[in-house]
Amino acid sequence: MIRPKRLDSILDAVGNTPLMRLSRLERDTPGVEIYAKLEFQNPGGSVKDRAAREIFLDAIARGELTRDRVLIDSTSGNTGVAYSLMGAALGYRVALVMPSNVSQARKDITRAFGTEIIFSDPLEGSDGAIRLAGKLVAEQPDRYYYPDQYSNPSNPGAHYRTTGVEILADVGDRITHFVTGLGTTGTMMGTTRRLKEHARPVRCVAAQPSESLHGLEGLKHLPSSLVPAIYDGALPDETMWITTEDGWDMTDRLWDEHAMLVGHSAGANAFAAWSIAKDLSARGETGCVVTILCDRGDRYFPKMKWERLYTW
Amino acid sequence: MAITVRVPTQLRTLTGGREEVSADGATVGAVIDAIEAAHPGLKDRLLDAKGIRRFINLYLNDEDVRFLDGLGTAVKEGDSLTVVPAIAGG
């Protein structure tokens, strides 16, 4: 794939991310390759830039997002950063509803772009933020444009149009498996739809946290959550259940062995890819497993002692 | 000593849907034992063999107990213990 070096706008810096071989993990999986798409290379630092760009451009093209309205959505953080970036680049105002326990880095980054933040109850998590966003929009329908990333076809559409195409351009001749975790489910749905059109059969696996109260920030345990409208349960060939401990340990391993400081959802994805590769290898099969490294880990540093007080 | 324990939505299946439960105990650990007795299954979600699970955040009033004395942190009448979940999805 040709990666352009000269760009006209920050929007053009979204996507076309490198696909990197996780050669150290492959030591455990003889005969099976593992690749990861480095989504932290996007200008907003996460995979969410793809969906946010598509959501903005589609809404503007349809005439739904106009300069007199404020784009509002609920987010666990990365979509918020991505919306803030796109809003600043395109000249639209953005408001975000986030649980108040999102990391300080996310609050600071989004505010730096001029975004308004509205906090929801931390005990109600991202579903509480979804409900609060819906309530605010119902109260002031003329003030807000509410794209609702969990229901918006532009979200999986971005991955169908870009992520899936890029993976096939890079390893279309060898890919056997694709696995990624579920959040809004946009990455899984859109990429899988594109990979399923490919001449080679590709087994597509959805990863979810194994329990409702988990530490894989950004991923959703669907059995205990509001299920996103864009999610089609018939699309994944299989669902894998990942424990927080496995996801966190793999996050540490990516740092130690590959010098990649990524977030916990990326660690969970890499663990899922490594597990699939190990199973194939143990059966004596060959293969090529592709996954997504959603974002960097520098948005998740634990609080320092002088930051220990929580403001409710 | 009765203190209030606030639980996130994900654990409310174990508390009969209630956001707040009351429990007795002199320390954070004793309070968790007391809520386990009343609502079996909660303790395993919060603790493992090494103590508080790495991704669970327990706040005594507005302070993370990791920066106090962990499970040994003393509690007093009227305190509030809050279980704060990680943020899921999107």
# chains A, B, ... in the order shown; residues from 1 in each chain; ligands from 1
call {"tool": "closest_atom_pairs", "arguments": {"of": "chain B", "to": "chain A", "cutoff": "8 Å", "atoms": "only C-alpha atoms", "output": "tab-separated table"}}
result
residue	atom	partner	partner_atom	distance
B:Val7	CA	A:Leu123	CA	6.9
B:Pro8	CA	A:Leu123	CA	4.3
B:Thr9	CA	A:Glu124	CA	5.5
B:Gln10	CA	A:Ser212	CA	5.7
B:Leu11	CA	A:Leu213	CA	7.3
B:Arg45	CA	A:Leu213	CA	7.3
B:Phe55	CA	A:Gly215	CA	4.9
B:Ile56	CA	A:Gly215	CA	7.3
B:Asp62	CA	A:Tyr310	CA	4.9
B:Glu63	CA	A:Leu309	CA	5.0
B:Asp64	CA	A:Arg308	CA	6.1
B:Phe67	CA	A:Lys305	CA	6.7
B:Val83	CA	A:Leu123	CA	7.7
B:Val84	CA	A:Leu123	CA	6.0
B:Pro85	CA	A:Leu213	CA	6.5
B:Ala86	CA	A:Gly215	CA	5.3
B:Ile87	CA	A:Glu217	CA	5.1
B:Ala88	CA	A:Gly218	CA	4.5
B:Gly89	CA	A:Gly183	CA	3.7
B:Gly90	CA	A:Thr184	CA	5.1
call {"tool": "residues_around", "arguments": {"residues": "B:Ile35", "least_positions_apart": "6", "cutoff": "9 Å", "atoms": "only C-alpha atoms", "output": "compact mmCIF listing (two decimals) with C-alpha atoms, in the first residue's frame"}}
result
# COMPACT_ATOMS: atom_id res chain seq x y z
CA VAL B 5 -21.03 0.89 50.05
CA VAL B 21 -25.81 -1.19 50.57
CA SER B 22 -24.91 -0.82 54.21
CA ALA B 23 -22.25 -2.94 55.92
CA ASP B 24 -20.45 -3.14 59.24
CA LEU B 42 -19.31 -9.76 45.44
CA LYS B 43 -15.96 -10.47 47.09
call {"tool": "select_by_dssp", "arguments": {"residues": "stretch 165-242 of chain A", "states": "strand (DSSP E)", "output": "PyMOL selection string"}}
result
chain A and resi 177-181+203-209+238-242
call {"tool": "write_last_selection", "arguments": {"atoms": "C-alpha atoms", "output": "PDB file, in the first residue's frame"}}
result
ATOM      1  CA  HIS A 177      -7.816 -14.876  10.839  1.00  0.00           C
ATOM      2  CA  PHE A 178      -8.870 -11.444  12.043  1.00  0.00           C
ATOM      3  CA  VAL A 179      -9.650 -10.714  15.682  1.00  0.00           C
ATOM      4  CA  THR A 180     -10.557  -7.543  17.528  1.00  0.00           C
ATOM      5  CA  GLY A 181     -12.366  -6.550  20.699  1.00  0.00           C
ATOM      6  CA  ARG A 203     -12.176 -16.378  10.017  1.00  0.00           C
ATOM      7  CA  CYS A 204     -13.297 -13.298  11.963  1.00  0.00           C
ATOM      8  CA  VAL A 205     -13.341 -13.443  15.752  1.00  0.00           C
ATOM      9  CA  ALA A 206     -14.876 -10.949  18.189  1.00  0.00           C
ATOM     10  CA  ALA A 207     -13.222 -10.566  21.609  1.00  0.00           C
ATOM     11  CA  GLN A 208     -15.116  -9.494  24.717  1.00  0.00           C
ATOM     12  CA  PRO A 209     -14.193  -9.090  28.383  1.00  0.00           C
ATOM     13  CA  GLU A 238     -16.734 -16.834  16.958  1.00  0.00           C
ATOM     14  CA  THR A 239     -16.572 -14.877  20.225  1.00  0.00           C
ATOM     15  CA  MET A 240     -13.556 -15.114  22.543  1.00  0.00           C
ATOM     16  CA  TRP A 241     -13.808 -14.150  26.219  1.00  0.00           C
ATOM     17  CA  ILE A 242     -10.722 -12.380  27.578  1.00  0.00           C
TER      18      ILE A 242
END
call {"tool": "closest_residue", "arguments": {"among": "B:Ala30, B:Ala38, B:Leu46, B:Leu71", "to": "B:Leu14", "atoms": "only C-alpha atoms"}}
result
B:Ala38
call {"tool": "atom_distance", "arguments": {"atom1": "atom CA of A:Tyr146", "atom2": "atom CA of A:Arg131"}}
result
12.3 Å
call {"tool": "closest_residue", "arguments": {"among": "A:Ser46, A:Asp12, A:Ser154, A:Tyr92", "to": "A:Arg62", "atoms": "only C-alpha atoms"}}
result
A:Ser154
call {"tool": "atom_distance", "arguments": {"atom1": "atom CA of A:Met189", "atom2": "atom CA of A:Gly44"}}
result
21.6 Å
call {"tool": "atom_distance", "arguments": {"atom1": "atom CA of B:Thr13", "atom2": "atom CA of B:Pro40"}}
result
11.0 Å
call {"tool": "decode", "arguments": {"residues": "chain B", "atoms": "C-alpha atoms", "output": "PDB file, in the first residue's frame"}}
result
ATOM      1  CA  MET B   1     -19.956   0.737  62.530  1.00  0.00           C
ATOM      2  CA  ALA B   2     -22.256   1.012  59.562  1.00  0.00           C
ATOM      3  CA  ILE B   3     -20.763   2.417  56.409  1.00  0.00           C
ATOM      4  CA  THR B   4     -22.353   2.872  53.005  1.00  0.00           C
ATOM      5  CA  VAL B   5     -21.028   0.888  50.051  1.00  0.00           C
ATOM      6  CA  ARG B   6     -21.840   2.252  46.582  1.00  0.00           C
ATOM      7  CA  VAL B   7     -21.716  -0.312  43.793  1.00  0.00           C
ATOM      8  CA  PRO B   8     -21.566   0.181  40.004  1.00  0.00           C
ATOM      9  CA  THR B   9     -24.355  -1.044  37.733  1.00  0.00           C
ATOM     10  CA  GLN B  10     -22.405  -4.189  36.793  1.00  0.00           C
ATOM     11  CA  LEU B  11     -22.567  -5.490  40.380  1.00  0.00           C
ATOM     12  CA  ARG B  12     -26.156  -4.545  41.125  1.00  0.00           C
ATOM     13  CA  THR B  13     -27.383  -7.977  40.019  1.00  0.00           C
ATOM     14  CA  LEU B  14     -25.779  -9.147  43.262  1.00  0.00           C
ATOM     15  CA  THR B  15     -27.385  -6.449  45.442  1.00  0.00           C
ATOM     16  CA  GLY B  16     -30.961  -6.866  44.295  1.00  0.00           C
ATOM     17  CA  GLY B  17     -30.602  -3.848  42.020  1.00  0.00           C
ATOM     18  CA  ARG B  18     -29.571  -1.477  44.813  1.00  0.00           C
ATOM     19  CA  GLU B  19     -26.905   1.191  44.239  1.00  0.00           C
ATOM     20  CA  GLU B  20     -26.101   1.484  47.937  1.00  0.00           C
ATOM     21  CA  VAL B  21     -25.807  -1.193  50.572  1.00  0.00           C
ATOM     22  CA  SER B  22     -24.905  -0.819  54.206  1.00  0.00           C
ATOM     23  CA  ALA B  23     -22.248  -2.942  55.915  1.00  0.00           C
ATOM     24  CA  ASP B  24     -20.446  -3.142  59.242  1.00  0.00           C
ATOM     25  CA  GLY B  25     -16.709  -3.489  59.782  1.00  0.00           C
ATOM     26  CA  ALA B  26     -13.679  -1.772  61.248  1.00  0.00           C
ATOM     27  CA  THR B  27     -11.592  -1.923  58.070  1.00  0.00           C
ATOM     28  CA  VAL B  28     -12.188  -1.909  54.323  1.00  0.00           C
ATOM     29  CA  GLY B  29     -11.429  -5.657  54.275  1.00  0.00           C
ATOM     30  CA  ALA B  30     -13.945  -6.354  57.046  1.00  0.00           C
ATOM     31  CA  VAL B  31     -16.597  -4.321  55.231  1.00  0.00           C
ATOM     32  CA  ILE B  32     -16.030  -6.390  52.082  1.00  0.00           C
ATOM     33  CA  ASP B  33     -16.387  -9.591  54.132  1.00  0.00           C
ATOM     34  CA  ALA B  34     -19.661  -8.232  55.517  1.00  0.00           C
ATOM     35  CA  ILE B  35     -21.098  -7.399  52.103  1.00  0.00           C
ATOM     36  CA  GLU B  36     -20.005 -10.836  50.857  1.00  0.00           C
ATOM     37  CA  ALA B  37     -22.026 -12.427  53.688  1.00  0.00           C
ATOM     38  CA  ALA B  38     -25.107 -10.428  52.694  1.00  0.00           C
ATOM     39  CA  HIS B  39     -24.543 -10.562  48.917  1.00  0.00           C
ATOM     40  CA  PRO B  40     -22.553 -13.709  48.048  1.00  0.00           C
ATOM     41  CA  GLY B  41     -20.337 -13.390  44.989  1.00  0.00           C
ATOM     42  CA  LEU B  42     -19.310  -9.760  45.439  1.00  0.00           C
ATOM     43  CA  LYS B  43     -15.965 -10.469  47.089  1.00  0.00           C
ATOM     44  CA  ASP B  44     -14.639 -12.529  44.176  1.00  0.00           C
ATOM     45  CA  ARG B  45     -15.402  -9.676  41.820  1.00  0.00           C
ATOM     46  CA  LEU B  46     -13.344  -7.242  43.895  1.00  0.00           C
ATOM     47  CA  LEU B  47     -10.475  -9.264  45.355  1.00  0.00           C
ATOM     48  CA  ASP B  48      -8.143 -12.055  44.332  1.00  0.00           C
ATOM     49  CA  ALA B  49      -5.514 -14.012  46.243  1.00  0.00           C
ATOM     50  CA  LYS B  50      -3.210 -10.976  46.287  1.00  0.00           C
ATOM     51  CA  GLY B  51      -5.786  -8.473  47.535  1.00  0.00           C
ATOM     52  CA  ILE B  52      -7.680  -5.842  45.564  1.00  0.00           C
ATOM     53  CA  ARG B  53      -7.778  -6.873  41.894  1.00  0.00           C
ATOM     54  CA  ARG B  54      -5.508  -4.641  39.830  1.00  0.00           C
ATOM     55  CA  PHE B  55      -8.281  -3.012  37.832  1.00  0.00           C
ATOM     56  CA  ILE B  56     -10.694  -2.428  40.700  1.00  0.00           C
ATOM     57  CA  ASN B  57     -10.671   1.029  42.247  1.00  0.00           C
ATOM     58  CA  LEU B  58     -11.999   1.328  45.787  1.00  0.00           C
ATOM     59  CA  TYR B  59     -12.530   4.833  47.128  1.00  0.00           C
ATOM     60  CA  LEU B  60     -13.045   5.521  50.831  1.00  0.00           C
ATOM     61  CA  ASN B  61     -14.990   8.763  50.666  1.00  0.00           C
ATOM     62  CA  ASP B  62     -12.935  10.507  47.950  1.00  0.00           C
ATOM     63  CA  GLU B  63      -9.611   8.753  48.387  1.00  0.00           C
ATOM     64  CA  ASP B  64      -8.266   5.676  46.598  1.00  0.00           C
ATOM     65  CA  VAL B  65      -7.593   3.062  49.314  1.00  0.00           C
ATOM     66  CA  ARG B  66      -4.411   2.026  47.455  1.00  0.00           C
ATOM     67  CA  PHE B  67      -2.913   5.262  48.725  1.00  0.00           C
ATOM     68  CA  LEU B  68      -4.185   4.583  52.258  1.00  0.00           C
ATOM     69  CA  ASP B  69      -3.682   1.182  53.910  1.00  0.00           C
ATOM     70  CA  GLY B  70      -5.464  -0.909  51.279  1.00  0.00           C
ATOM     71  CA  LEU B  71      -7.764  -3.529  52.784  1.00  0.00           C
ATOM     72  CA  GLY B  72      -6.438  -2.647  56.241  1.00  0.00           C
ATOM     73  CA  THR B  73      -7.636   0.970  55.990  1.00  0.00           C
ATOM     74  CA  ALA B  74      -9.698   1.839  59.059  1.00  0.00           C
ATOM     75  CA  VAL B  75     -13.263   3.012  58.454  1.00  0.00           C
ATOM     76  CA  LYS B  76     -15.576   4.966  60.707  1.00  0.00           C
ATOM     77  CA  GLU B  77     -19.307   5.425  61.082  1.00  0.00           C
ATOM     78  CA  GLY B  78     -20.769   7.366  58.184  1.00  0.00           C
ATOM     79  CA  ASP B  79     -17.927   6.684  55.732  1.00  0.00           C
ATOM     80  CA  SER B  80     -18.722   5.793  52.163  1.00  0.00           C
ATOM     81  CA  LEU B  81     -16.877   3.102  50.190  1.00  0.00           C
ATOM     82  CA  THR B  82     -17.288   3.317  46.404  1.00  0.00           C
ATOM     83  CA  VAL B  83     -16.405   0.702  43.778  1.00  0.00           C
ATOM     84  CA  VAL B  84     -15.489   2.562  40.573  1.00  0.00           C
ATOM     85  CA  PRO B  85     -15.470   0.507  37.354  1.00  0.00           C
ATOM     86  CA  ALA B  86     -13.272   0.915  34.285  1.00  0.00           C
ATOM     87  CA  ILE B  87     -14.964   2.564  31.350  1.00  0.00           C
ATOM     88  CA  ALA B  88     -16.324   0.328  28.637  1.00  0.00           C
ATOM     89  CA  GLY B  89     -16.814   0.746  24.977  1.00  0.00           C
ATOM     90  CA  GLY B  90     -16.426   3.664  22.587  1.00  0.00           C
TER      91      GLY B  90
END
